[in-house]
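This is entry_9.csv. It holds CSV, C-alpha atoms.
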```csv
chain,number,residue,atom,x,y,z
A,1,MET,CA,-26.3,24.6,-34.8
A,2,VAL,CA,-26.0,27.2,-32.0
A,3,GLU,CA,-23.9,30.2,-33.0
A,4,ALA,CA,-20.7,29.8,-30.9
A,5,GLN,CA,-19.6,33.5,-31.4
A,6,LYS,CA,-22.6,34.6,-29.4
A,7,LYS,CA,-21.7,32.4,-26.4
A,8,LYS,CA,-19.4,33.6,-23.6
A,9,ILE,CA,-17.5,31.1,-21.6
A,10,LEU,CA,-15.6,31.5,-18.3
A,11,LEU,CA,-12.7,29.1,-18.0
A,12,VAL,CA,-11.4,28.6,-14.4
A,13,GLU,CA,-8.2,26.6,-14.3
A,14,ASP,CA,-5.0,27.1,-12.3
A,15,GLU,CA,-2.6,25.4,-14.7
A,16,ASP,CA,-1.6,28.2,-17.1
A,17,ASP,CA,-0.6,26.0,-20.0
A,18,SER,CA,-3.8,24.0,-19.9
A,19,ARG,CA,-6.0,27.0,-19.5
A,20,ILE,CA,-4.4,28.9,-22.3
A,21,LEU,CA,-4.6,25.9,-24.7
A,22,MET,CA,-8.3,25.2,-23.8
A,23,ALA,CA,-9.1,28.9,-24.2
A,24,LYS,CA,-7.4,29.0,-27.6
A,25,LYS,CA,-9.3,26.0,-28.9
A,26,LEU,CA,-12.6,27.4,-27.7
A,27,GLU,CA,-11.9,30.8,-29.2
A,28,GLN,CA,-10.9,29.1,-32.5
A,29,SER,CA,-14.4,27.5,-32.4
A,30,GLY,CA,-16.0,31.0,-32.1
A,31,TYR,CA,-16.6,31.3,-28.4
A,32,LYS,CA,-15.7,34.4,-26.4
A,33,VAL,CA,-13.6,33.1,-23.5
A,34,PHE,CA,-12.7,34.8,-20.2
A,35,GLN,CA,-10.1,33.2,-18.0
A,36,ALA,CA,-9.5,32.9,-14.3
A,37,CYS,CA,-6.7,31.2,-12.3
A,38,HIS,CA,-8.8,30.1,-9.3
A,39,GLY,CA,-12.2,30.2,-7.8
A,40,LEU,CA,-11.9,33.7,-6.2
A,41,GLU,CA,-10.9,35.2,-9.5
A,42,GLY,CA,-13.6,33.1,-11.2
A,43,ILE,CA,-16.4,34.6,-9.0
A,44,GLN,CA,-15.3,38.1,-9.9
A,45,ALA,CA,-15.1,37.2,-13.6
A,46,ALA,CA,-18.5,35.6,-13.5
A,47,GLU,CA,-20.0,38.8,-12.0
A,48,ASP,CA,-18.1,41.0,-14.5
A,49,HIS,CA,-18.9,39.1,-17.7
A,50,CYS,CA,-22.2,37.1,-17.0
A,51,PRO,CA,-21.0,34.1,-19.0
A,52,ASP,CA,-23.3,31.7,-20.8
A,53,LEU,CA,-21.3,28.8,-19.4
A,54,ILE,CA,-18.6,28.2,-16.8
A,55,ILE,CA,-16.0,25.5,-17.1
A,56,THR,CA,-14.0,24.9,-13.9
A,57,ASP,CA,-11.3,22.6,-12.6
A,58,VAL,CA,-11.6,21.1,-9.1
A,59,VAL,CA,-8.1,21.3,-7.6
A,60,MET,CA,-7.1,25.0,-7.4
A,61,PRO,CA,-5.5,27.3,-4.9
A,62,LYS,CA,-7.4,30.0,-3.0
A,63,MET,CA,-10.8,28.5,-3.7
A,64,ASN,CA,-11.2,25.0,-5.1
A,65,GLY,CA,-13.9,23.8,-7.5
A,66,ASN,CA,-16.2,22.6,-4.7
A,67,GLU,CA,-16.2,25.9,-2.9
A,68,PHE,CA,-16.4,27.8,-6.3
A,69,VAL,CA,-19.6,25.9,-7.4
A,70,SER,CA,-21.1,26.3,-3.9
A,71,VAL,CA,-20.6,30.0,-3.9
A,72,LEU,CA,-22.0,30.3,-7.5
A,73,ARG,CA,-25.1,28.4,-6.5
A,74,GLN,CA,-25.7,30.7,-3.5
A,75,ARG,CA,-25.5,34.0,-5.5
A,76,PRO,CA,-28.8,35.1,-7.1
A,77,LEU,CA,-27.2,36.6,-10.2
A,78,LEU,CA,-24.8,33.6,-10.7
A,79,LYS,CA,-26.8,30.6,-9.5
A,80,ASP,CA,-28.4,29.7,-12.9
A,81,ILE,CA,-25.2,29.8,-15.0
A,82,PRO,CA,-24.5,26.3,-16.3
A,83,ILE,CA,-21.3,24.7,-15.1
A,84,ILE,CA,-19.1,22.0,-16.6
A,85,VAL,CA,-16.6,20.6,-14.0
A,86,MET,CA,-13.4,19.0,-15.2
A,87,SER,CA,-11.3,16.8,-12.9
A,88,ILE,CA,-8.9,13.9,-12.9
A,89,ARG,CA,-11.0,12.5,-10.1
A,90,GLY,CA,-13.7,10.9,-12.2
A,91,ASN,CA,-15.3,9.4,-9.2
A,92,MET,CA,-16.5,12.9,-8.2
A,93,ARG,CA,-19.1,13.1,-10.9
A,94,ASP,CA,-22.1,12.2,-8.7
A,95,TYR,CA,-20.9,14.6,-6.0
A,96,PHE,CA,-20.8,17.6,-8.4
A,97,GLU,CA,-24.1,16.6,-10.0
A,98,ARG,CA,-25.7,16.9,-6.6
A,99,LEU,CA,-24.2,20.4,-6.3
A,100,GLY,CA,-26.0,21.3,-9.5
A,101,VAL,CA,-23.4,21.1,-12.2
A,102,ASN,CA,-24.6,20.4,-15.7
A,103,GLU,CA,-21.7,18.3,-17.1
A,104,PHE,CA,-18.6,16.6,-15.8
A,105,LEU,CA,-15.5,15.9,-17.9
A,106,SER,CA,-12.8,13.5,-16.7
A,107,LYS,CA,-9.2,14.5,-17.2
A,108,PRO,CA,-7.2,13.9,-19.2
A,109,PHE,CA,-9.0,14.8,-22.4
A,110,LEU,CA,-8.0,16.3,-25.7
A,111,PRO,CA,-8.8,20.0,-26.4
A,112,LYS,CA,-11.1,18.9,-29.2
A,113,GLU,CA,-13.1,16.8,-26.7
A,114,LEU,CA,-13.7,19.9,-24.6
A,115,VAL,CA,-14.9,21.8,-27.6
A,116,SER,CA,-17.1,18.9,-28.6
A,117,ALA,CA,-18.6,18.7,-25.1
A,118,VAL,CA,-19.3,22.5,-25.1
A,119,ASP,CA,-20.8,22.4,-28.5
A,120,GLN,CA,-23.0,19.4,-27.5
A,121,PHE,CA,-24.0,21.2,-24.3
A,122,PHE,CA,-25.2,24.4,-26.1
A,123,ASN,CA,-26.9,22.3,-28.8
A,124,ARG,CA,-28.8,20.3,-26.1
A,125,SER,CA,-29.7,23.5,-24.3
A,126,ALA,CA,-31.1,25.0,-27.5
A,127,GLY,CA,-33.0,21.7,-28.3
A,128,ILE,CA,-30.7,20.9,-31.2
A,129,ARG,CA,-29.4,17.4,-31.6
A,130,ASP,CA,-26.4,16.3,-33.7
A,131,THR,CA,-28.1,13.0,-34.5
A,132,GLY,CA,-31.5,11.5,-34.2
A,133,LEU,CA,-30.4,9.4,-31.2
A,134,GLU,CA,-31.4,10.2,-27.7
A,135,VAL,CA,-28.4,11.3,-25.5
A,136,LYS,CA,-27.5,8.6,-23.0
A,137,ARG,CA,-25.0,8.4,-20.2
A,138,VAL,CA,-22.4,5.7,-20.2
A,139,LEU,CA,-20.0,4.7,-17.4
A,140,ILE,CA,-16.7,3.4,-18.6
A,141,ALA,CA,-14.6,1.9,-15.8
A,142,GLY,CA,-11.2,0.3,-15.6
A,143,SER,CA,-7.6,0.9,-14.6
A,144,ASP,CA,-6.0,1.7,-18.0
A,145,SER,CA,-6.6,5.5,-18.5
A,146,GLU,CA,-5.5,5.4,-22.2
A,147,CYS,CA,-8.0,2.6,-23.0
A,148,ILE,CA,-10.8,4.5,-21.0
A,149,GLY,CA,-10.0,7.7,-22.9
A,150,LEU,CA,-10.2,5.9,-26.3
A,151,LEU,CA,-13.4,4.2,-25.4
A,152,GLY,CA,-14.9,7.5,-24.1
A,153,GLU,CA,-13.9,9.2,-27.3
A,154,HIS,CA,-15.5,6.5,-29.4
A,155,VAL,CA,-18.8,6.5,-27.3
A,156,ARG,CA,-19.0,10.3,-27.5
A,157,SER,CA,-18.5,10.1,-31.3
A,158,LEU,CA,-21.6,7.9,-31.4
A,159,GLY,CA,-23.6,10.5,-29.6
```

Take the structure in the file and give it back as structure tokens.
Amino acid sequence: MVEAQKKKILLVEDEDDSRILMAKKLEQSGYKVFQACHGLEGIQAAEDHCPDLIITDVVMPKMNGNEFVSVLRQRPLLKDIPIIVMSIRGNMRDYFERLGVNEFLSKPFLPKELVSAVDQFFNRSAGIRDTGLEVKRVLIAGSDSECIGLLGEHVRSLG
């Protein structure tokens, strides 16, 4: 297992309550978390802290997630930092993958799902697998967000 305490995460989210809760859960799992309220603040924090991973929302004031990712990918010292984008707009996954993000999380999700996604990301990056199964992508579609969330959680638990 990758040692979480050695990993620095920049969390960029404009909703204070959500950002604080996510940061707390990640810190409880041993990660060092830096926070930013919007993309402009996130760029400065990324330059100041050189995080191992950036987690960002899409809809934010001053600089949205799209602009934020674009700026990161243009800066030599920031362009290779892995990024997880989180958004209520699940249909934006392909768009952000084309911009070079590493993962996409559809909101809403439970804080433990975020921690699990981060753990899995670092484990995959280090070549560690939680199971002997190959990681596959699954598309879950429908109009009932609660059902989609439960199905997504179940599929993730299976690896």

Between atom CA of A:Ile43 and atom CA of A:Leu10 - distance in Å to one decimal: 9.8 Å

Selected residue, from A:Leu26, A:Asn91, A:Val33, A:Glu47, that lies nearest to A:Lys79 when counting all atoms listed in the file: A:Glu47

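Counting from atom CA of A:Arg98, the distance to atom CA of A:Ser145 is 25.2 Å.
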
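As for atom CA of A:Ile81 and atom CA of A:Val118, they are spaced 13.8 Å apart.
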
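Residue neighbourhood of A:Pro108, excluding near-sequence residues (fewer than 4 positions): Ser18, Asp57, Met86, Ser87, Ile88, Arg89, Gly90, Lys112, Glu113, Leu114, Ser145, Glu146, Cys147, Ile148, Gly149, Leu150, Gly152 and Glu153 of chain A, at 12 Å, using all atoms listed in the file.
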
For the selection you just gave me, I'd like the residues written to a file as a short mmCIF file (atom, residue, chain, number, x, y, z; two decimals), in the frame of the given file, keeping C-alpha atoms.
```cif
data_model
loop_
_atom_site.label_atom_id
_atom_site.label_comp_id
_atom_site.auth_asym_id
_atom_site.auth_seq_id
_atom_site.Cartn_x
_atom_site.Cartn_y
_atom_site.Cartn_z
CA SER A 18 -3.80 24.00 -19.90
CA ASP A 57 -11.30 22.60 -12.60
CA MET A 86 -13.40 19.00 -15.20
CA SER A 87 -11.30 16.80 -12.90
CA ILE A 88 -8.90 13.90 -12.90
CA ARG A 89 -11.00 12.50 -10.10
CA GLY A 90 -13.70 10.90 -12.20
CA LYS A 112 -11.10 18.90 -29.20
CA GLU A 113 -13.10 16.80 -26.70
CA LEU A 114 -13.70 19.90 -24.60
CA SER A 145 -6.60 5.50 -18.50
CA GLU A 146 -5.50 5.40 -22.20
CA CYS A 147 -8.00 2.60 -23.00
CA ILE A 148 -10.80 4.50 -21.00
CA GLY A 149 -10.00 7.70 -22.90
CA LEU A 150 -10.20 5.90 -26.30
CA GLY A 152 -14.90 7.50 -24.10
CA GLU A 153 -13.90 9.20 -27.30
#
```

Exercise: A:Ile55 partners within 12 Å, all atoms listed in the file, chain neighbours under 4 positions left out, as a PyMOL selection string: chain A and resi 8-13+19+22-23+26+33-39+42+46+51+65+68-69+81-87+101-105+114-115+117-118+121

Residues from the last selection, C-alpha atoms, saved as a CSV table (one decimal), in the coordinates of the input:
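Once written, part-v7.csv looks like this:
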```
chain,number,residue,atom,x,y,z
A,8,LYS,CA,-19.4,33.6,-23.6
A,9,ILE,CA,-17.5,31.1,-21.6
A,10,LEU,CA,-15.6,31.5,-18.3
A,11,LEU,CA,-12.7,29.1,-18.0
A,12,VAL,CA,-11.4,28.6,-14.4
A,13,GLU,CA,-8.2,26.6,-14.3
A,19,ARG,CA,-6.0,27.0,-19.5
A,22,MET,CA,-8.3,25.2,-23.8
A,23,ALA,CA,-9.1,28.9,-24.2
A,26,LEU,CA,-12.6,27.4,-27.7
A,33,VAL,CA,-13.6,33.1,-23.5
A,34,PHE,CA,-12.7,34.8,-20.2
A,35,GLN,CA,-10.1,33.2,-18.0
A,36,ALA,CA,-9.5,32.9,-14.3
A,37,CYS,CA,-6.7,31.2,-12.3
A,38,HIS,CA,-8.8,30.1,-9.3
A,39,GLY,CA,-12.2,30.2,-7.8
A,42,GLY,CA,-13.6,33.1,-11.2
A,46,ALA,CA,-18.5,35.6,-13.5
A,51,PRO,CA,-21.0,34.1,-19.0
A,65,GLY,CA,-13.9,23.8,-7.5
A,68,PHE,CA,-16.4,27.8,-6.3
A,69,VAL,CA,-19.6,25.9,-7.4
A,81,ILE,CA,-25.2,29.8,-15.0
A,82,PRO,CA,-24.5,26.3,-16.3
A,83,ILE,CA,-21.3,24.7,-15.1
A,84,ILE,CA,-19.1,22.0,-16.6
A,85,VAL,CA,-16.6,20.6,-14.0
A,86,MET,CA,-13.4,19.0,-15.2
A,87,SER,CA,-11.3,16.8,-12.9
A,101,VAL,CA,-23.4,21.1,-12.2
A,102,ASN,CA,-24.6,20.4,-15.7
A,103,GLU,CA,-21.7,18.3,-17.1
A,104,PHE,CA,-18.6,16.6,-15.8
A,105,LEU,CA,-15.5,15.9,-17.9
A,114,LEU,CA,-13.7,19.9,-24.6
A,115,VAL,CA,-14.9,21.8,-27.6
A,117,ALA,CA,-18.6,18.7,-25.1
A,118,VAL,CA,-19.3,22.5,-25.1
A,121,PHE,CA,-24.0,21.2,-24.3
```
